[in-house]
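Below you'll find the structure, written out as structure tokens, and then a few comments.
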Amino acid sequence: MKIFNSLEEIDNQIDETVVALGNFDGVHKGHQEIIARTVKIAEAAGCRSAVFTFSNHPKNLLAGGIEVKNILYPEEKAAIIAKLGVDYMFNIPFDESILTMDPIDFIDKLLLETFHMRQSYCGFNYHFGYKAKGDVEILMKEGMKKGFGIHIQEPYQIDGELVSSTFIRSLIQDGRVDQCMKYMGRLYSIGGEVVVGNKLGRTIGFPTSNIMIDETMVTPPNGVYVTYCTYNGIRYPSITNVGVKPTIGSYKKNVETHIFNFDKELYGKNIRVEFLEKTRDERKFDSVEDLSRQITDDCITARSYHRQNAGKEKIR
């Protein structure tokens, strides 16, 4: 898959395209359906398949708006889209020029002239252009005038629940990480470089690997979670605390993972933590000894979960 990170990078040598339109910020199952169908239509039409998305969330450019946290890191988003068989990814910054663009200019100058779009696929609630005045009705009308095809995906539901990035964020922020596989097609995860912690875990028999929270990413609430930890391509059963360590001091929120049956030093290394289920809230204990006893119980619970559910997250 060829990725274009600016409009200036796109030259006139790209082929005619069938374009999936949307922000695709979570690439959840609804998004995957749109993209997969786009690829099939492009193959049948003899065109290249493309995804048009933004490198930043459009709502974060609007004055007075609440910051929208990212579900995926940029490289994750690109990798997931590439695996769906897409030829081009137009990963364009959402800036003032696009924010204020007339919907018809959006179609003419971006979709048709720049992306060489011959057909498109989008969700029923896709909006574009100045003040989001562009919608699927305008796309259909312009398509009939200018000879490009439009395919629209109706609301994508699973067990009666509309699948959306907003809904995915709510699952993560509420700690309902056990439901992410059902709607995303993969486990919710956090990745990063392991940093030096307070090393208390090592002194009480539970060495941990710490990742600092990326403030631009959506994160689960403070608590203890059954997890997997991937390092160097190998996936290990683990248990993770998300929080501020209230028993031992005042710390910034971070992700602290204990990997079972693992003794390698990971400082400076990159790991990825996948969240399976929340087991309890983070709380302050009366002493380090009480905390240590609770961690022992937490580990027993997590090990039991791993034994009973090994592999099941792949088929939920």
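Lettering and numbering for the structure tokens are positional, with chains as A, B, ... in the shown order, residues counted from 1 in each chain, and ligands counted from 1 in the shown order.
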Exercise for review: Would you list, as a ChimeraX atom specification, the residues of stretch 99-186 of chain A that end up in strand (DSSP E) under DSSP run on this structure's backbone?
Suggested key: /A:117-123,149-153,157-158,161-162
Exercise for review: List the neighbours of A:Glu193 out to 9 Å using only C-alpha atoms; skip same-chain residues closer than 4 positions along the sequence, and give me the result as a PyMOL selection string.
Suggested key: chain A and resi 210-212+266-272
Revision key, fill the gap. Of A:Ile34, A:Val18, A:Ala82, A:Met1, the one sitting nearest A:Pro155 when using only C-alpha atoms is A:Ile34
Exercise for review: Return the single residue from A:Glu215, A:Ser170, A:Ser250, A:Cys299 that is closest to A:Glu67, with distances computed using only C-alpha atoms.
Suggested key: A:Glu215
Counting only C-alpha atoms, which residues of stretch 61-96 of chain A fall within 12 Å of stretch 120-143 of chain A, and what is the closest atom pair for each with its distance in Å at one decimal, ordered by chain and rising number, as a tab-separated table?
residue	atom	partner	partner_atom	distance
A:Leu62	CA	A:Lys131	CA	10.0
A:Phe94	CA	A:Gly129	CA	10.9
A:Asp95	CA	A:Gly129	CA	11.5
A:Glu96	CA	A:Tyr130	CA	9.8
Review point. Which distance in Å separates atom CA of A:His57 and atom CA of A:Asn241, to one decimal?
Key: 28.6 Å
Review point. Could you write out, as a ChimeraX atom specification, all the residues of stretch 93-238 of chain A that DSSP marks as alpha helix (DSSP H)?
Key: /A:96-99,103-105,136-146,165-173,180-184,200-203
Requested write-out: N, CA and C atoms of the selected residues, as an mmCIF file, in the first residue's frame:
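The resulting again.cif:
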data_model
loop_
_atom_site.group_PDB
_atom_site.id
_atom_site.type_symbol
_atom_site.label_atom_id
_atom_site.label_comp_id
_atom_site.auth_asym_id
_atom_site.auth_seq_id
_atom_site.Cartn_x
_atom_site.Cartn_y
_atom_site.Cartn_z
ATOM 1 N N GLU A 96 -7.257 24.220 7.716
ATOM 2 C CA GLU A 96 -8.237 25.270 7.444
ATOM 3 C C GLU A 96 -8.745 25.228 6.006
ATOM 4 N N SER A 97 -7.864 24.870 5.074
ATOM 5 C CA SER A 97 -8.279 24.850 3.673
ATOM 6 C C SER A 97 -9.339 23.789 3.415
ATOM 7 N N ILE A 98 -9.228 22.660 4.092
ATOM 8 C CA ILE A 98 -10.238 21.608 3.937
ATOM 9 C C ILE A 98 -11.466 21.924 4.779
ATOM 10 N N LEU A 99 -11.230 22.496 5.969
ATOM 11 C CA LEU A 99 -12.340 22.861 6.855
ATOM 12 C C LEU A 99 -13.306 23.832 6.172
ATOM 13 N N PRO A 103 -18.500 22.079 -0.329
ATOM 14 C CA PRO A 103 -18.700 20.654 -0.621
ATOM 15 C C PRO A 103 -18.521 20.284 -2.090
ATOM 16 N N ILE A 104 -18.956 21.144 -2.988
ATOM 17 C CA ILE A 104 -18.795 20.842 -4.415
ATOM 18 C C ILE A 104 -17.322 20.892 -4.806
ATOM 19 N N ASP A 105 -16.586 21.863 -4.271
ATOM 20 C CA ASP A 105 -15.140 21.920 -4.517
ATOM 21 C C ASP A 105 -14.449 20.693 -3.931
ATOM 22 N N VAL A 136 -24.335 12.412 1.863
ATOM 23 C CA VAL A 136 -24.479 11.380 0.838
ATOM 24 C C VAL A 136 -25.442 11.809 -0.266
ATOM 25 N N GLU A 137 -26.424 12.633 0.063
ATOM 26 C CA GLU A 137 -27.354 13.107 -0.965
ATOM 27 C C GLU A 137 -26.633 13.965 -2.001
ATOM 28 N N ILE A 138 -25.754 14.853 -1.537
ATOM 29 C CA ILE A 138 -24.981 15.679 -2.463
ATOM 30 C C ILE A 138 -24.054 14.812 -3.301
ATOM 31 N N LEU A 139 -23.443 13.804 -2.665
ATOM 32 C CA LEU A 139 -22.579 12.894 -3.413
ATOM 33 C C LEU A 139 -23.358 12.192 -4.521
ATOM 34 N N MET A 140 -24.553 11.725 -4.215
ATOM 35 C CA MET A 140 -25.365 11.030 -5.220
ATOM 36 C C MET A 140 -25.768 11.962 -6.357
ATOM 37 N N LYS A 141 -26.184 13.183 -6.024
ATOM 38 C CA LYS A 141 -26.587 14.147 -7.057
ATOM 39 C C LYS A 141 -25.414 14.501 -7.964
ATOM 40 N N GLU A 142 -24.260 14.761 -7.352
ATOM 41 C CA GLU A 142 -23.086 15.104 -8.144
ATOM 42 C C GLU A 142 -22.588 13.906 -8.943
ATOM 43 N N GLY A 143 -22.739 12.722 -8.375
ATOM 44 C CA GLY A 143 -22.340 11.516 -9.093
ATOM 45 C C GLY A 143 -23.137 11.322 -10.366
ATOM 46 N N MET A 144 -24.436 11.584 -10.281
ATOM 47 C CA MET A 144 -25.284 11.466 -11.470
ATOM 48 C C MET A 144 -24.901 12.517 -12.524
ATOM 49 N N LYS A 145 -24.518 13.721 -12.077
ATOM 50 C CA LYS A 145 -24.131 14.773 -13.011
ATOM 51 C C LYS A 145 -22.775 14.502 -13.655
ATOM 52 N N LYS A 146 -21.843 14.000 -12.850
ATOM 53 C CA LYS A 146 -20.445 13.947 -13.282
ATOM 54 C C LYS A 146 -19.941 12.538 -13.588
ATOM 55 N N SER A 165 -16.963 4.785 16.159
ATOM 56 C CA SER A 165 -15.758 5.112 16.927
ATOM 57 C C SER A 165 -16.124 5.712 18.280
ATOM 58 N N THR A 166 -17.201 6.481 18.328
ATOM 59 C CA THR A 166 -17.662 7.052 19.602
ATOM 60 C C THR A 166 -18.022 5.941 20.582
ATOM 61 N N PHE A 167 -18.708 4.916 20.078
ATOM 62 C CA PHE A 167 -19.078 3.792 20.935
ATOM 63 C C PHE A 167 -17.836 3.033 21.403
ATOM 64 N N ILE A 168 -16.860 2.835 20.509
ATOM 65 C CA ILE A 168 -15.620 2.145 20.882
ATOM 66 C C ILE A 168 -14.898 2.921 21.984
ATOM 67 N N ARG A 169 -14.832 4.247 21.839
ATOM 68 C CA ARG A 169 -14.183 5.061 22.877
ATOM 69 C C ARG A 169 -14.882 4.889 24.218
ATOM 70 N N SER A 170 -16.205 4.838 24.198
ATOM 71 C CA SER A 170 -16.949 4.696 25.455
ATOM 72 C C SER A 170 -16.649 3.351 26.117
ATOM 73 N N LEU A 171 -16.498 2.295 25.319
ATOM 74 C CA LEU A 171 -16.142 0.995 25.881
ATOM 75 C C LEU A 171 -14.803 1.066 26.612
ATOM 76 N N ILE A 172 -13.828 1.676 25.955
ATOM 77 C CA ILE A 172 -12.489 1.765 26.546
ATOM 78 C C ILE A 172 -12.500 2.654 27.783
ATOM 79 N N GLN A 173 -13.118 3.822 27.687
ATOM 80 C CA GLN A 173 -13.132 4.767 28.799
ATOM 81 C C GLN A 173 -13.921 4.252 29.999
ATOM 82 N N CYS A 180 -14.322 -5.079 23.356
ATOM 83 C CA CYS A 180 -13.696 -4.457 22.189
ATOM 84 C C CYS A 180 -13.523 -5.431 21.027
ATOM 85 N N MET A 181 -13.153 -6.668 21.314
ATOM 86 C CA MET A 181 -12.967 -7.648 20.256
ATOM 87 C C MET A 181 -14.229 -7.800 19.411
ATOM 88 N N LYS A 182 -15.357 -7.794 20.059
ATOM 89 C CA LYS A 182 -16.646 -7.996 19.380
ATOM 90 C C LYS A 182 -16.910 -6.925 18.331
ATOM 91 N N TYR A 183 -16.545 -5.688 18.626
ATOM 92 C CA TYR A 183 -16.869 -4.572 17.744
ATOM 93 C C TYR A 183 -15.686 -4.088 16.901
ATOM 94 N N MET A 184 -14.473 -4.345 17.384
ATOM 95 C CA MET A 184 -13.282 -3.890 16.664
ATOM 96 C C MET A 184 -12.652 -4.985 15.801
ATOM 97 N N LEU A 200 9.449 -0.727 42.836
ATOM 98 C CA LEU A 200 8.854 -1.362 44.009
ATOM 99 C C LEU A 200 8.409 -2.785 43.690
ATOM 100 N N GLY A 201 7.837 -2.978 42.494
ATOM 101 C CA GLY A 201 7.350 -4.303 42.133
ATOM 102 C C GLY A 201 8.421 -5.353 42.230
ATOM 103 N N ARG A 202 9.638 -5.001 41.826
ATOM 104 C CA ARG A 202 10.739 -5.966 41.877
ATOM 105 C C ARG A 202 11.069 -6.343 43.323
ATOM 106 N N THR A 203 10.989 -5.399 44.229
ATOM 107 C CA THR A 203 11.353 -5.665 45.622
ATOM 108 C C THR A 203 10.320 -6.538 46.338
#
Review point. Smallest atom-to-atom distance to A:Lys278: which of A:Val68, A:Val86, A:Val177, A:Met217, using only C-alpha atoms?
Key: A:Val177
Practice item. Identify, on the basis of only C-alpha atoms, every residue whose closest approach to A:Asp178 does not exceed 12 Å; exclude the query and any residue fewer than 3 positions from it along the same chain; express the result as a list in words. Key: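 Those residues are Ile168, Leu171, Ile172, Asp174, Gly175, Met181, Lys182, Tyr183, Met184, Gly185, Arg186, Leu187, Tyr188, Ser189, Pro220, Tyr225, Val226, Thr227, Glu274, Phe275, Leu276, Glu277, Lys278, Thr279, Asn309, Lys312, Glu313 and Arg316 of chain A.
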Kindly export the residues of the current selection with C-alpha atoms, as a PDB file, in the first residue's frame.
ATOM      1  CA  ILE A 168     -15.620   2.145  20.882  1.00  0.00           C
ATOM      2  CA  LEU A 171     -16.142   0.995  25.881  1.00  0.00           C
ATOM      3  CA  ILE A 172     -12.489   1.765  26.546  1.00  0.00           C
ATOM      4  CA  ASP A 174     -15.659   2.753  30.844  1.00  0.00           C
ATOM      5  CA  GLY A 175     -13.239  -0.165  31.279  1.00  0.00           C
ATOM      6  CA  MET A 181     -12.967  -7.648  20.256  1.00  0.00           C
ATOM      7  CA  LYS A 182     -16.646  -7.996  19.380  1.00  0.00           C
ATOM      8  CA  TYR A 183     -16.869  -4.572  17.744  1.00  0.00           C
ATOM      9  CA  MET A 184     -13.282  -3.890  16.664  1.00  0.00           C
ATOM     10  CA  GLY A 185     -12.266  -7.349  15.506  1.00  0.00           C
ATOM     11  CA  ARG A 186      -9.178  -7.143  17.720  1.00  0.00           C
ATOM     12  CA  LEU A 187      -8.249  -6.483  21.325  1.00  0.00           C
ATOM     13  CA  TYR A 188      -7.793  -2.928  22.554  1.00  0.00           C
ATOM     14  CA  SER A 189      -4.080  -2.303  23.115  1.00  0.00           C
ATOM     15  CA  PRO A 220      -9.100   2.836  30.158  1.00  0.00           C
ATOM     16  CA  TYR A 225      -6.627  -5.808  33.935  1.00  0.00           C
ATOM     17  CA  VAL A 226      -5.891  -9.254  32.565  1.00  0.00           C
ATOM     18  CA  THR A 227      -3.642  -8.640  29.561  1.00  0.00           C
ATOM     19  CA  GLU A 274      -3.525  -6.005  24.918  1.00  0.00           C
ATOM     20  CA  PHE A 275      -6.433  -5.734  27.357  1.00  0.00           C
ATOM     21  CA  LEU A 276      -8.728  -8.717  27.911  1.00  0.00           C
ATOM     22  CA  GLU A 277     -10.768  -7.886  31.006  1.00  0.00           C
ATOM     23  CA  LYS A 278     -10.876  -5.519  33.954  1.00  0.00           C
ATOM     24  CA  THR A 279     -10.810  -7.315  37.320  1.00  0.00           C
ATOM     25  CA  ASN A 309      -9.717 -18.410  28.083  1.00  0.00           C
ATOM     26  CA  LYS A 312     -10.937 -17.546  22.962  1.00  0.00           C
ATOM     27  CA  GLU A 313     -10.350 -13.858  22.227  1.00  0.00           C
ATOM     28  CA  ARG A 316     -15.437 -13.790  20.106  1.00  0.00           C
TER      29      ARG A 316
END
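Atom CA of A:Arg303 is found 22.6 Å from atom CA of A:Phe285.
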Review point. A:Leu291: which residues within 12 Å, counting only C-alpha atoms, same-chain residues fewer than 2 positions away excluded, as a ChimeraX atom specification?
Key: /A:200-201,204-206,245-248,282-289,293-298
Residue selection dump (C-alpha atoms) as a compact mmCIF listing (two decimals), in the first residue's frame:
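Once written, again.txt looks like this:
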# COMPACT_ATOMS: atom_id res chain seq x y z
CA LEU A 200 8.85 -1.36 44.01
CA GLY A 201 7.35 -4.30 42.13
CA ILE A 204 8.04 -7.37 46.49
CA GLY A 205 8.39 -10.13 43.91
CA PHE A 206 6.36 -8.67 41.04
CA LYS A 245 -0.07 4.01 42.42
CA PRO A 246 -1.91 5.76 45.30
CA THR A 247 -0.52 3.41 48.00
CA ILE A 248 3.10 4.40 47.45
CA GLU A 282 -7.34 0.80 41.52
CA ARG A 283 -7.45 1.74 45.22
CA LYS A 284 -5.20 2.91 48.01
CA PHE A 285 -4.10 0.27 50.53
CA ASP A 286 -3.11 0.86 54.15
CA SER A 287 0.37 -0.55 53.64
CA VAL A 288 2.75 -1.98 51.07
CA GLU A 289 2.19 -5.38 52.70
CA ARG A 293 -1.15 -9.51 49.26
CA GLN A 294 -3.69 -8.00 46.87
CA ILE A 295 -1.27 -8.27 43.96
CA THR A 296 -0.80 -11.96 44.77
CA ASP A 297 -4.58 -12.43 44.61
CA ASP A 298 -4.74 -10.41 41.39
